[in-house]
>>> print(open('run24.cif').read())   # mmCIF, C-alpha atoms and all ligand atoms
data_input
loop_
_atom_site.group_PDB
_atom_site.id
_atom_site.type_symbol
_atom_site.label_atom_id
_atom_site.label_comp_id
_atom_site.auth_asym_id
_atom_site.auth_seq_id
_atom_site.Cartn_x
_atom_site.Cartn_y
_atom_site.Cartn_z
ATOM 1 C CA MET R 27 177.471 60.637 186.088
ATOM 2 C CA ILE R 28 179.942 58.787 183.874
ATOM 3 C CA ASP R 29 183.456 57.582 184.692
ATOM 4 C CA SER R 30 185.178 58.308 181.375
ATOM 5 C CA HIS R 31 188.343 56.337 182.174
ATOM 6 C CA CYS R 32 188.841 53.314 184.386
ATOM 7 C CA HIS R 33 190.734 50.035 184.196
ATOM 8 C CA LEU R 34 187.924 47.799 185.371
ATOM 9 C CA ALA R 35 189.378 44.775 183.584
ATOM 10 C CA ASP R 36 192.616 45.079 185.545
ATOM 11 C CA GLU R 37 193.450 41.922 187.455
ATOM 12 C CA VAL R 38 193.086 43.762 190.790
ATOM 13 C CA TYR R 39 189.294 43.566 190.277
ATOM 14 C CA ALA R 40 189.280 39.943 189.170
ATOM 15 C CA GLY R 41 187.923 38.746 192.520
ATOM 16 C CA ASP R 42 185.171 41.304 193.120
ATOM 17 C CA ALA R 43 184.333 43.106 189.866
ATOM 18 C CA ALA R 44 180.600 42.456 190.302
ATOM 19 C CA ALA R 45 180.629 44.199 193.707
ATOM 20 C CA VAL R 46 182.667 47.106 192.308
ATOM 21 C CA ILE R 47 180.127 47.540 189.496
ATOM 22 C CA ALA R 48 177.202 47.314 191.938
ATOM 23 C CA ARG R 49 178.724 50.050 194.122
ATOM 24 C CA ALA R 50 179.226 52.266 191.048
ATOM 25 C CA GLN R 51 175.611 51.827 189.991
ATOM 26 C CA ALA R 52 174.389 52.490 193.558
ATOM 27 C CA ALA R 53 176.454 55.705 193.583
ATOM 28 C CA GLY R 54 174.693 56.928 190.433
ATOM 29 C CA VAL R 55 177.439 56.132 187.940
ATOM 30 C CA ARG R 56 175.364 55.256 184.916
ATOM 31 C CA ALA R 57 178.198 54.259 182.589
ATOM 32 C CA ALA R 58 181.948 53.915 182.393
ATOM 33 C CA MET R 59 184.637 53.604 179.779
ATOM 34 C CA CYS R 60 186.910 50.657 180.425
ATOM 35 C CA ILE R 61 190.399 51.236 179.026
ATOM 36 C CA LEU R 62 192.034 48.143 177.570
ATOM 37 C CA ASP R 63 195.631 47.324 176.732
ATOM 38 C CA ALA R 64 195.665 45.974 173.169
ATOM 39 C CA THR R 65 198.704 43.820 173.974
ATOM 40 C CA ASP R 66 197.178 42.123 177.038
ATOM 41 C CA GLU R 67 195.028 39.169 175.979
ATOM 42 C CA ALA R 68 194.183 38.284 179.599
ATOM 43 C CA GLU R 69 192.799 41.775 180.230
ATOM 44 C CA LEU R 70 190.819 41.708 176.977
ATOM 45 C CA ALA R 71 189.276 38.380 178.017
ATOM 46 C CA ARG R 72 188.348 39.748 181.469
ATOM 47 C CA ALA R 73 186.664 42.726 179.777
ATOM 48 C CA GLU R 74 184.507 40.402 177.686
ATOM 49 C CA ALA R 75 183.400 38.661 180.897
ATOM 50 C CA LEU R 76 182.509 42.026 182.506
ATOM 51 C CA ARG R 77 180.279 43.264 179.715
ATOM 52 C CA PRO R 78 177.159 41.269 180.714
ATOM 53 C CA LEU R 79 177.582 42.540 184.298
ATOM 54 C CA TRP R 80 177.427 46.174 183.169
ATOM 55 C CA PRO R 81 175.883 46.613 179.707
ATOM 56 C CA ALA R 82 176.410 50.398 179.938
ATOM 57 C CA MET R 83 180.177 49.921 180.170
ATOM 58 C CA VAL R 84 181.921 50.797 176.901
ATOM 59 C CA VAL R 85 185.536 50.122 176.012
ATOM 60 C CA SER R 86 188.517 51.824 174.437
ATOM 61 C CA VAL R 87 191.572 49.910 173.256
ATOM 62 C CA GLY R 88 195.101 50.986 172.443
ATOM 63 C CA VAL R 89 198.817 50.443 172.897
ATOM 64 C CA HIS R 90 199.912 52.450 175.959
ATOM 65 C CA PRO R 91 203.199 54.373 175.637
ATOM 66 C CA HIS R 92 204.633 52.102 178.340
ATOM 67 C CA LYS R 93 204.169 49.194 175.899
ATOM 68 C CA ALA R 94 205.492 50.981 172.799
ATOM 69 C CA GLY R 95 208.894 49.273 173.064
ATOM 70 C CA GLY R 96 207.351 46.024 171.870
ATOM 71 C CA PHE R 97 206.793 47.717 168.503
ATOM 72 C CA ALA R 98 210.266 49.219 168.073
ATOM 73 C CA GLY R 99 211.118 49.336 164.380
ATOM 74 C CA ARG R 100 207.600 48.276 163.413
ATOM 75 C CA ALA R 101 205.277 51.021 164.675
ATOM 76 C CA ALA R 102 202.656 50.101 162.072
ATOM 77 C CA GLY R 103 202.284 46.807 163.954
ATOM 78 C CA SER R 104 200.753 48.656 166.908
ATOM 79 C CA ALA R 105 198.004 50.045 164.692
ATOM 80 C CA GLU R 106 197.457 46.612 163.123
ATOM 81 C CA CYS R 107 197.138 45.090 166.602
ATOM 82 C CA VAL R 108 194.561 47.708 167.626
ATOM 83 C CA ALA R 109 192.701 47.312 164.322
ATOM 84 C CA THR R 110 192.114 43.600 164.971
ATOM 85 C CA HIS R 111 190.577 44.502 168.343
ATOM 86 C CA ILE R 112 188.381 47.217 166.788
ATOM 87 C CA ASP R 113 186.719 44.549 164.706
ATOM 88 C CA ARG R 114 186.287 42.246 167.735
ATOM 89 C CA LEU R 115 185.370 44.686 170.526
ATOM 90 C CA SER R 116 183.626 47.629 168.801
ATOM 91 C CA PRO R 117 185.429 50.138 171.038
ATOM 92 C CA ARG R 118 184.174 53.718 171.333
ATOM 93 C CA GLY R 119 187.729 55.041 171.318
ATOM 94 C CA ILE R 120 191.372 54.286 170.628
ATOM 95 C CA GLY R 121 193.529 54.561 173.726
ATOM 96 C CA GLU R 122 195.026 55.087 175.955
ATOM 97 C CA ILE R 123 197.785 56.132 173.595
ATOM 98 C CA GLY R 124 200.375 58.858 173.838
ATOM 99 C CA LEU R 125 203.739 59.736 175.301
ATOM 100 C CA ASP R 126 205.118 59.226 178.796
ATOM 101 C CA TYR R 127 208.485 60.941 179.292
ATOM 102 C CA HIS R 128 208.204 60.644 183.081
ATOM 103 C CA TYR R 129 208.786 56.899 183.126
ATOM 104 C CA ASP R 130 210.391 56.574 179.663
ATOM 105 C CA PHE R 131 209.687 52.817 179.628
ATOM 106 C CA ALA R 132 210.186 52.912 175.836
ATOM 107 C CA PRO R 133 212.595 55.135 173.831
ATOM 108 C CA ARG R 134 210.980 58.460 172.997
ATOM 109 C CA ASP R 135 211.276 58.118 169.221
ATOM 110 C CA VAL R 136 209.573 54.720 169.421
ATOM 111 C CA GLN R 137 206.810 56.158 171.628
ATOM 112 C CA GLN R 138 206.253 58.922 169.061
ATOM 113 C CA GLN R 139 206.073 56.494 166.129
ATOM 114 C CA VAL R 140 203.659 54.146 167.912
ATOM 115 C CA PHE R 141 201.490 57.080 169.024
ATOM 116 C CA ALA R 142 201.441 58.525 165.474
ATOM 117 C CA ALA R 143 200.501 55.183 163.908
ATOM 118 C CA GLN R 144 197.509 54.877 166.231
ATOM 119 C CA VAL R 145 196.428 58.489 165.673
ATOM 120 C CA GLU R 146 196.408 57.765 161.933
ATOM 121 C CA LEU R 147 194.284 54.683 162.580
ATOM 122 C CA ALA R 148 191.860 56.771 164.645
ATOM 123 C CA ALA R 149 191.544 59.258 161.780
ATOM 124 C CA ALA R 150 190.969 56.455 159.267
ATOM 125 C CA ARG R 151 188.343 54.734 161.446
ATOM 126 C CA ASP R 152 186.778 58.007 162.656
ATOM 127 C CA LEU R 153 187.205 57.035 166.312
ATOM 128 C CA PRO R 154 188.107 59.463 169.117
ATOM 129 C CA VAL R 155 191.432 59.052 170.922
ATOM 130 C CA VAL R 156 192.154 58.832 174.649
ATOM 131 C CA ILE R 157 195.491 60.576 175.182
ATOM 132 C CA HIS R 158 197.973 59.805 177.953
ATOM 133 C CA ALA R 159 200.574 62.597 177.890
ATOM 134 C CA ARG R 160 203.028 62.953 180.754
ATOM 135 C CA GLU R 161 205.867 65.480 180.673
ATOM 136 C CA ALA R 162 205.594 65.416 176.881
ATOM 137 C CA ASP R 163 203.374 68.430 176.186
ATOM 138 C CA GLU R 164 205.000 69.760 173.013
ATOM 139 C CA ASP R 165 205.643 66.410 171.348
ATOM 140 C CA ALA R 166 202.107 65.184 172.078
ATOM 141 C CA VAL R 167 200.631 68.242 170.405
ATOM 142 C CA ALA R 168 203.048 67.903 167.468
ATOM 143 C CA VAL R 169 202.056 64.277 166.835
ATOM 144 C CA LEU R 170 198.346 65.137 167.044
ATOM 145 C CA ARG R 171 198.775 68.004 164.585
ATOM 146 C CA GLU R 172 200.883 66.017 162.101
ATOM 147 C CA ALA R 173 199.369 62.552 162.272
ATOM 148 C CA GLY R 174 195.832 63.755 163.082
ATOM 149 C CA ARG R 175 195.792 66.461 160.378
ATOM 150 C CA GLY R 176 193.077 68.314 162.274
ATOM 151 C CA LYS R 177 190.651 65.419 161.842
ATOM 152 C CA VAL R 178 191.189 63.581 165.128
ATOM 153 C CA ARG R 179 189.100 64.365 168.198
ATOM 154 C CA GLY R 180 189.453 63.028 171.698
ATOM 155 C CA VAL R 181 190.397 63.693 175.299
ATOM 156 C CA PHE R 182 193.556 64.383 177.254
ATOM 157 C CA HIS R 183 193.021 62.037 180.181
ATOM 158 C CA CYS R 184 194.325 62.453 183.748
ATOM 159 C CA PHE R 185 195.228 66.037 183.014
ATOM 160 C CA THR R 186 198.053 67.292 185.262
ATOM 161 C CA ALA R 187 199.832 69.682 182.883
ATOM 162 C CA GLY R 188 199.730 73.455 182.819
ATOM 163 C CA HIS R 189 197.902 76.209 180.976
ATOM 164 C CA TRP R 190 199.943 75.806 177.785
ATOM 165 C CA LEU R 191 198.808 72.244 177.102
ATOM 166 C CA ALA R 192 195.248 72.997 178.225
ATOM 167 C CA THR R 193 195.078 75.839 175.696
ATOM 168 C CA GLN R 194 196.541 73.673 172.926
ATOM 169 C CA ALA R 195 194.112 70.844 173.722
ATOM 170 C CA LEU R 196 191.134 73.199 173.577
ATOM 171 C CA GLU R 197 192.397 74.693 170.302
ATOM 172 C CA LEU R 198 192.617 71.185 168.849
ATOM 173 C CA GLY R 199 188.965 70.692 169.802
ATOM 174 C CA PHE R 200 189.816 68.156 172.511
ATOM 175 C CA PHE R 201 188.193 67.558 175.862
ATOM 176 C CA ILE R 202 190.185 67.582 179.105
ATOM 177 C CA SER R 203 189.579 64.968 181.793
ATOM 178 C CA PHE R 204 190.345 65.294 185.503
ATOM 179 C CA THR R 205 190.922 62.593 188.122
ATOM 180 C CA GLY R 206 190.958 62.494 191.920
ATOM 181 C CA ILE R 207 194.301 64.335 191.801
ATOM 182 C CA LEU R 208 192.098 67.432 191.750
ATOM 183 C CA THR R 209 191.131 66.664 195.374
ATOM 184 C CA PHE R 210 194.714 66.409 196.644
ATOM 185 C CA PRO R 211 195.713 69.222 199.035
ATOM 186 C CA ARG R 212 198.814 70.170 197.036
ATOM 187 C CA ALA R 213 197.033 70.311 193.662
ATOM 188 C CA GLY R 214 196.319 74.054 193.817
ATOM 189 C CA ASP R 215 197.983 74.719 190.462
ATOM 190 C CA LEU R 216 195.908 72.009 188.795
ATOM 191 C CA ARG R 217 192.679 73.390 190.297
ATOM 192 C CA GLU R 218 193.640 76.765 188.798
ATOM 193 C CA VAL R 219 194.062 75.144 185.363
ATOM 194 C CA ALA R 220 190.750 73.279 185.757
ATOM 195 C CA ALA R 221 188.966 76.536 186.576
ATOM 196 C CA ARG R 222 189.994 77.884 183.158
ATOM 197 C CA VAL R 223 188.815 74.848 181.190
ATOM 198 C CA PRO R 224 185.179 75.453 180.205
ATOM 199 C CA LEU R 225 182.798 72.905 181.724
ATOM 200 C CA ASP R 226 181.514 72.107 178.245
ATOM 201 C CA ARG R 227 184.991 70.727 177.432
ATOM 202 C CA THR R 228 185.560 68.841 180.690
ATOM 203 C CA LEU R 229 185.223 65.141 181.530
ATOM 204 C CA LEU R 230 185.321 63.214 184.818
ATOM 205 C CA GLU R 231 187.319 60.063 185.424
ATOM 206 C CA THR R 232 188.745 57.940 188.208
ATOM 207 C CA ASP R 233 191.605 56.211 186.316
ATOM 208 C CA SER R 234 190.872 53.461 188.835
ATOM 209 C CA PRO R 235 192.487 51.392 190.286
ATOM 210 C CA PHE R 236 194.916 54.317 190.541
ATOM 211 C CA LEU R 237 194.601 57.811 192.048
ATOM 212 C CA ALA R 238 191.843 57.357 194.644
ATOM 213 C CA PRO R 239 190.442 60.774 195.606
ATOM 214 C CA VAL R 240 190.431 62.269 199.087
ATOM 215 C CA PRO R 241 189.233 60.793 201.521
ATOM 216 C CA PHE R 242 190.072 57.400 200.000
ATOM 217 C CA ARG R 243 193.638 58.309 199.030
ATOM 218 C CA GLY R 244 196.017 55.349 199.018
ATOM 219 C CA LYS R 245 193.244 52.788 198.621
ATOM 220 C CA ARG R 246 192.369 50.879 195.474
ATOM 221 C CA ASN R 247 190.237 53.351 193.508
ATOM 222 C CA GLU R 248 186.918 52.430 191.894
ATOM 223 C CA PRO R 249 184.317 54.087 189.629
ATOM 224 C CA ALA R 250 181.889 54.642 192.539
ATOM 225 C CA TRP R 251 184.171 57.451 193.729
ATOM 226 C CA VAL R 252 184.058 59.555 190.547
ATOM 227 C CA GLY R 253 181.532 61.760 192.355
ATOM 228 C CA ARG R 254 184.391 63.171 194.461
ATOM 229 C CA VAL R 255 185.926 64.562 191.254
ATOM 230 C CA ALA R 256 182.565 66.090 190.290
ATOM 231 C CA GLU R 257 182.254 67.738 193.730
ATOM 232 C CA GLN R 258 185.755 69.182 193.509
ATOM 233 C CA LEU R 259 185.146 70.516 189.998
ATOM 234 C CA ALA R 260 181.931 72.127 191.221
ATOM 235 C CA ALA R 261 183.900 73.926 193.939
ATOM 236 C CA VAL R 262 186.526 75.010 191.412
ATOM 237 C CA HIS R 263 183.861 76.419 189.063
ATOM 238 C CA HIS R 264 181.673 77.858 191.846
ATOM 239 C CA THR R 265 178.707 75.867 190.627
ATOM 240 C CA THR R 266 176.683 72.842 191.715
ATOM 241 C CA THR R 267 177.689 69.207 191.466
ATOM 242 C CA ASP R 268 174.493 68.629 189.479
ATOM 243 C CA ALA R 269 175.633 71.190 186.895
ATOM 244 C CA VAL R 270 179.038 69.496 186.606
ATOM 245 C CA VAL R 271 177.438 66.071 186.249
ATOM 246 C CA ALA R 272 175.021 67.305 183.570
ATOM 247 C CA ALA R 273 177.765 69.010 181.564
ATOM 248 C CA THR R 274 180.292 66.187 181.764
ATOM 249 C CA THR R 275 177.724 63.512 180.982
ATOM 250 C CA GLY R 276 176.681 65.455 177.899
ATOM 251 C CA ASN R 277 180.326 65.861 176.886
ATOM 252 C CA PHE R 278 180.939 62.127 177.168
ATOM 253 C CA VAL R 279 177.970 61.404 174.909
ATOM 254 C CA THR R 280 179.157 64.037 172.428
ATOM 255 C CA LEU R 281 182.635 62.529 172.234
ATOM 256 C CA PHE R 282 182.036 58.775 172.569
ATOM 257 C CA GLY R 283 178.343 58.332 171.740
ATOM 258 C CA ALA R 284 175.359 57.490 173.972
HETATM 259 ZN ZN ZN D 1 197.044 57.190 181.553
HETATM 260 ZN ZN ZN D 2 194.465 54.919 182.498
#
>>> encode(input="run24.cif", output="structure tokens")
Amino acid sequence: MIDSHCHLADEVYAGDAAAVIARAQAAGVRAAMCILDATDEAELARAEALRPLWPAMVVSVGVHPHKAGGFAGRAAGSAECVATHIDRLSPRGIGEIGLDYHYDFAPRDVQQQVFAAQVELAAARDLPVVIHAREADEDAVAVLREAGRGKVRGVFHCFTAGHWLATQALELGFFISFTGILTFPRAGDLREVAARVPLDRTLLETDSPFLAPVPFRGKRNEPAWVGRVAEQLAAVHHTTTDAVVAATTGNFVTLFGA
């Protein structure tokens, strides 16, 4: 089992990261992808300190849409910032990057330019992208089609959108990743979408420290609980948790490497 998206270098784990990692390993989580904010030097330093504790942890680095405003008028600077970290950190992916029209922390045109610049970098470096798209379905697809020119692969993380975006993502050759939201009682529509995404295109994630699954809802999330997402996906697909774990682990390796 692999947690394809967590923020293990977030400061909320600064006091007990070793215990969090030990619980993940004890729960059968063999690897995780730690998502890093390219603009946060403190987080990048914490990630370096974590790597010896969990050699199977890989990283992805990018400028989150919430941080796009810092690159207003100079979107290329976001890609340059990420490029310096690619050389330092050897990430397996670029992200999370994308568009967030729910919070709109940065103007939408700036978000689009910063997203596009990083998609172009991903194409140039042949790295997969980790997409954060919230209430921005059509624009996210448009940027991927234009800036990615059909060459960029990746995953739509924390998928909460509808059938339209799921279909577009699959057409683009992308994977779709589900979090503990899938376990929430009111997420019936999302479970219906998940049922129509083939298991060979699905990934598991916690997005910890956020979005703890039932029965841990409201607590600080952690990679050890990614199994709850696997169990829920198994129910959705009328299959076994083992089958979900095998498929999603294989998908992670296909996309990000072993
Ligand atoms: Zn996200
Ligand atoms: Zn995230």
>>> resolve_selection(input="run24.cif", expression="the PyMOL selection byres (((chain R and resi 124) around 12) and not hetatm)", output="NGL selection string")
:R and (88-94 or 120-123 or 125-127 or 130 or 132 or 134-145 or 155-170 or 180-183)
>>> residues_around(input="run24.cif", residues="segment 258-275 of chain R", least_positions_apart="5", cutoff="8 Å", atoms="all atoms listed in the file", output="PyMOL selection string")
chain R and resi 27-28+208-209+217-218+220-221+225-230
>>> atom_distance(input="run24.cif", atom1="atom CA of Ala150 of chain R", atom2="atom CA of Phe282 of chain R")
16.2 Å
>>> atom_distance(input="run24.cif", atom1="atom CA of Glu146 of chain R", atom2="atom CA of Glu67 of chain R")
23.3 Å
>>> resolve_selection(input="run24.cif", expression="the PyMOL selection byres (((not hetatm)) within 8 of (chain D and resi 2))", output="list in words")
His31, Cys32, His33, Ile61, Glu122, His158, His183, Cys184, Asp233 and Ser234 of chain R
>>> residues_around(input="run24.cif", residues="Val55 of chain R", least_positions_apart="3", cutoff="10 Å", atoms="all atoms listed in the file", output="list in words")
Met27, Ile28, Asp29, Ile47, Ala48, Arg49, Ala50, Gln51, Ala52, Ala58, Ala82, Pro249, Ala250, Trp251, Val252 and Gly253 of chain R
>>> write_last_selection(input="run24.cif", atoms="C-alpha atoms", output="compact mmCIF listing (two decimals), keeping the file's coordinate frame")
# COMPACT_ATOMS: atom_id res chain seq x y z
CA MET R 27 177.47 60.64 186.09
CA ILE R 28 179.94 58.79 183.87
CA ASP R 29 183.46 57.58 184.69
CA ILE R 47 180.13 47.54 189.50
CA ALA R 48 177.20 47.31 191.94
CA ARG R 49 178.72 50.05 194.12
CA ALA R 50 179.23 52.27 191.05
CA GLN R 51 175.61 51.83 189.99
CA ALA R 52 174.39 52.49 193.56
CA ALA R 58 181.95 53.92 182.39
CA ALA R 82 176.41 50.40 179.94
CA PRO R 249 184.32 54.09 189.63
CA ALA R 250 181.89 54.64 192.54
CA TRP R 251 184.17 57.45 193.73
CA VAL R 252 184.06 59.56 190.55
CA GLY R 253 181.53 61.76 192.36
>>> residues_around(input="run24.cif", residues="segment 212-216 of chain R", least_positions_apart="5", cutoff="9 Å", atoms="all atoms listed in the file", output="mmCIF file with C-alpha atoms, keeping the file's coordinate frame")
data_model
loop_
_atom_site.group_PDB
_atom_site.id
_atom_site.type_symbol
_atom_site.label_atom_id
_atom_site.label_comp_id
_atom_site.auth_asym_id
_atom_site.auth_seq_id
_atom_site.Cartn_x
_atom_site.Cartn_y
_atom_site.Cartn_z
ATOM 1 C CA PHE R 185 195.228 66.037 183.014
ATOM 2 C CA THR R 186 198.053 67.292 185.262
ATOM 3 C CA ALA R 187 199.832 69.682 182.883
ATOM 4 C CA GLY R 188 199.730 73.455 182.819
ATOM 5 C CA ILE R 207 194.301 64.335 191.801
ATOM 6 C CA ALA R 221 188.966 76.536 186.576
#
>>> resolve_selection(input="run24.cif", expression="the PyMOL selection byres (((chain R and resi 237) around 9) and not hetatm)", output="ChimeraX atom specification")
/R:205-207,232-236,238-239,243-247
>>> closest_residue(input="run24.cif", among="R:Val279, R:Pro133, R:Ser30, R:Gly199", to="Phe97 of chain R", atoms="all atoms listed in the file")
R:Pro133
>>> closest_residue(input="run24.cif", among="R:Ala102, R:Ala57, R:Ala192, R:Leu70", to="Phe204 of chain R", atoms="all atoms listed in the file")
R:Ala192
>>> closest_residue(input="run24.cif", among="R:His189, R:Arg118, R:His128, R:Arg171", to="ligand ZN 1 (chain D)", atoms="only C-alpha atoms and all ligand atoms")
R:His128
>>> closest_residue(input="run24.cif", among="R:Ala43, R:Gly283, R:Asp63, R:Val108", to="ligand ZN 1 (chain D)", atoms="only C-alpha atoms and all ligand atoms")
R:Asp63
>>> closest_residue(input="run24.cif", among="R:Thr65, R:Ser116, R:Gln194, R:Ser203", to="ligand ZN 1 (chain D)", atoms="only C-alpha atoms and all ligand atoms")
R:Ser203
>>> closest_residue(input="run24.cif", among="R:Glu69, R:Glu248, R:Glu257, R:Glu231", to="ligand ZN 1 (chain D)", atoms="only C-alpha atoms and all ligand atoms")
R:Glu231
>>> atom_distance(input="run24.cif", atom1="atom CA of Arg151 of chain R", atom2="atom CA of Gly174 of chain R")
11.8 Å
>>> residues_around(input="run24.cif", residues="Val178 of chain R", least_positions_apart="6", cutoff="7 Å", atoms="only C-alpha atoms", output="PyMOL selection string")
chain R and resi 148-149+154
>>> axis_aligned_box(input="run24.cif", around="segment 192-197 of chain R", padding_each_side="6 Å", output="AutoDock Vina command-line options")
--center_x 193.8 --center_y 73.3 --center_z 174.3 --size_x 17.4 --size_y 17.0 --size_z 19.9
>>> build_atoms(input="run24.cif", residues="segment 260-281 of chain R", atoms="N, CA and C atoms", output="PDB file, keeping the file's coordinate frame")
ATOM      1  N   ALA R 260     182.995  71.168 190.915  1.00  0.00           N
ATOM      2  CA  ALA R 260     181.931  72.127 191.221  1.00  0.00           C
ATOM      3  C   ALA R 260     182.478  73.257 192.088  1.00  0.00           C
ATOM      4  N   ALA R 261     183.305  72.900 193.077  1.00  0.00           N
ATOM      5  CA  ALA R 261     183.900  73.926 193.939  1.00  0.00           C
ATOM      6  C   ALA R 261     184.808  74.844 193.120  1.00  0.00           C
ATOM      7  N   VAL R 262     185.587  74.253 192.241  1.00  0.00           N
ATOM      8  CA  VAL R 262     186.526  75.010 191.412  1.00  0.00           C
ATOM      9  C   VAL R 262     185.777  76.008 190.512  1.00  0.00           C
ATOM     10  N   HIS R 263     184.628  75.580 189.989  1.00  0.00           N
ATOM     11  CA  HIS R 263     183.861  76.419 189.063  1.00  0.00           C
ATOM     12  C   HIS R 263     182.769  77.229 189.768  1.00  0.00           C
ATOM     13  N   HIS R 264     182.707  77.144 191.086  1.00  0.00           N
ATOM     14  CA  HIS R 264     181.673  77.858 191.846  1.00  0.00           C
ATOM     15  C   HIS R 264     180.280  77.557 191.308  1.00  0.00           C
ATOM     16  N   THR R 265     180.029  76.274 191.104  1.00  0.00           N
ATOM     17  CA  THR R 265     178.707  75.867 190.627  1.00  0.00           C
ATOM     18  C   THR R 265     178.281  74.629 191.423  1.00  0.00           C
ATOM     19  N   THR R 266     177.190  74.004 190.990  1.00  0.00           N
ATOM     20  CA  THR R 266     176.683  72.842 191.715  1.00  0.00           C
ATOM     21  C   THR R 266     177.244  71.550 191.127  1.00  0.00           C
ATOM     22  N   THR R 267     177.264  70.515 191.960  1.00  0.00           N
ATOM     23  CA  THR R 267     177.689  69.207 191.466  1.00  0.00           C
ATOM     24  C   THR R 267     176.745  68.741 190.363  1.00  0.00           C
ATOM     25  N   ASP R 268     175.454  69.022 190.516  1.00  0.00           N
ATOM     26  CA  ASP R 268     174.493  68.629 189.479  1.00  0.00           C
ATOM     27  C   ASP R 268     174.856  69.259 188.122  1.00  0.00           C
ATOM     28  N   ALA R 269     175.278  70.517 188.151  1.00  0.00           N
ATOM     29  CA  ALA R 269     175.633  71.190 186.895  1.00  0.00           C
ATOM     30  C   ALA R 269     176.864  70.543 186.274  1.00  0.00           C
ATOM     31  N   VAL R 270     177.827  70.163 187.109  1.00  0.00           N
ATOM     32  CA  VAL R 270     179.038  69.496 186.606  1.00  0.00           C
ATOM     33  C   VAL R 270     178.682  68.134 186.015  1.00  0.00           C
ATOM     34  N   VAL R 271     177.825  67.405 186.724  1.00  0.00           N
ATOM     35  CA  VAL R 271     177.438  66.071 186.249  1.00  0.00           C
ATOM     36  C   VAL R 271     176.693  66.187 184.916  1.00  0.00           C
ATOM     37  N   ALA R 272     175.786  67.143 184.818  1.00  0.00           N
ATOM     38  CA  ALA R 272     175.021  67.305 183.570  1.00  0.00           C
ATOM     39  C   ALA R 272     175.953  67.642 182.412  1.00  0.00           C
ATOM     40  N   ALA R 273     176.870  68.581 182.649  1.00  0.00           N
ATOM     41  CA  ALA R 273     177.765  69.010 181.564  1.00  0.00           C
ATOM     42  C   ALA R 273     178.688  67.872 181.138  1.00  0.00           C
ATOM     43  N   THR R 274     179.295  67.209 182.112  1.00  0.00           N
ATOM     44  CA  THR R 274     180.292  66.187 181.764  1.00  0.00           C
ATOM     45  C   THR R 274     179.649  64.948 181.158  1.00  0.00           C
ATOM     46  N   THR R 275     178.434  64.643 181.591  1.00  0.00           N
ATOM     47  CA  THR R 275     177.724  63.512 180.982  1.00  0.00           C
ATOM     48  C   THR R 275     177.414  63.827 179.519  1.00  0.00           C
ATOM     49  N   GLY R 276     176.952  65.044 179.280  1.00  0.00           N
ATOM     50  CA  GLY R 276     176.681  65.455 177.899  1.00  0.00           C
ATOM     51  C   GLY R 276     177.939  65.432 177.049  1.00  0.00           C
ATOM     52  N   ASN R 277     179.052  65.855 177.624  1.00  0.00           N
ATOM     53  CA  ASN R 277     180.326  65.861 176.886  1.00  0.00           C
ATOM     54  C   ASN R 277     180.753  64.449 176.513  1.00  0.00           C
ATOM     55  N   PHE R 278     180.565  63.518 177.439  1.00  0.00           N
ATOM     56  CA  PHE R 278     180.939  62.127 177.168  1.00  0.00           C
ATOM     57  C   PHE R 278     180.134  61.600 175.981  1.00  0.00           C
ATOM     58  N   VAL R 279     178.847  61.882 175.989  1.00  0.00           N
ATOM     59  CA  VAL R 279     177.970  61.404 174.909  1.00  0.00           C
ATOM     60  C   VAL R 279     178.378  62.049 173.582  1.00  0.00           C
ATOM     61  N   THR R 280     178.708  63.343 173.632  1.00  0.00           N
ATOM     62  CA  THR R 280     179.157  64.037 172.428  1.00  0.00           C
ATOM     63  C   THR R 280     180.400  63.378 171.838  1.00  0.00           C
ATOM     64  N   LEU R 281     181.346  63.043 172.705  1.00  0.00           N
ATOM     65  CA  LEU R 281     182.635  62.529 172.234  1.00  0.00           C
ATOM     66  C   LEU R 281     182.570  61.045 171.860  1.00  0.00           C
TER      67      LEU R 281
END
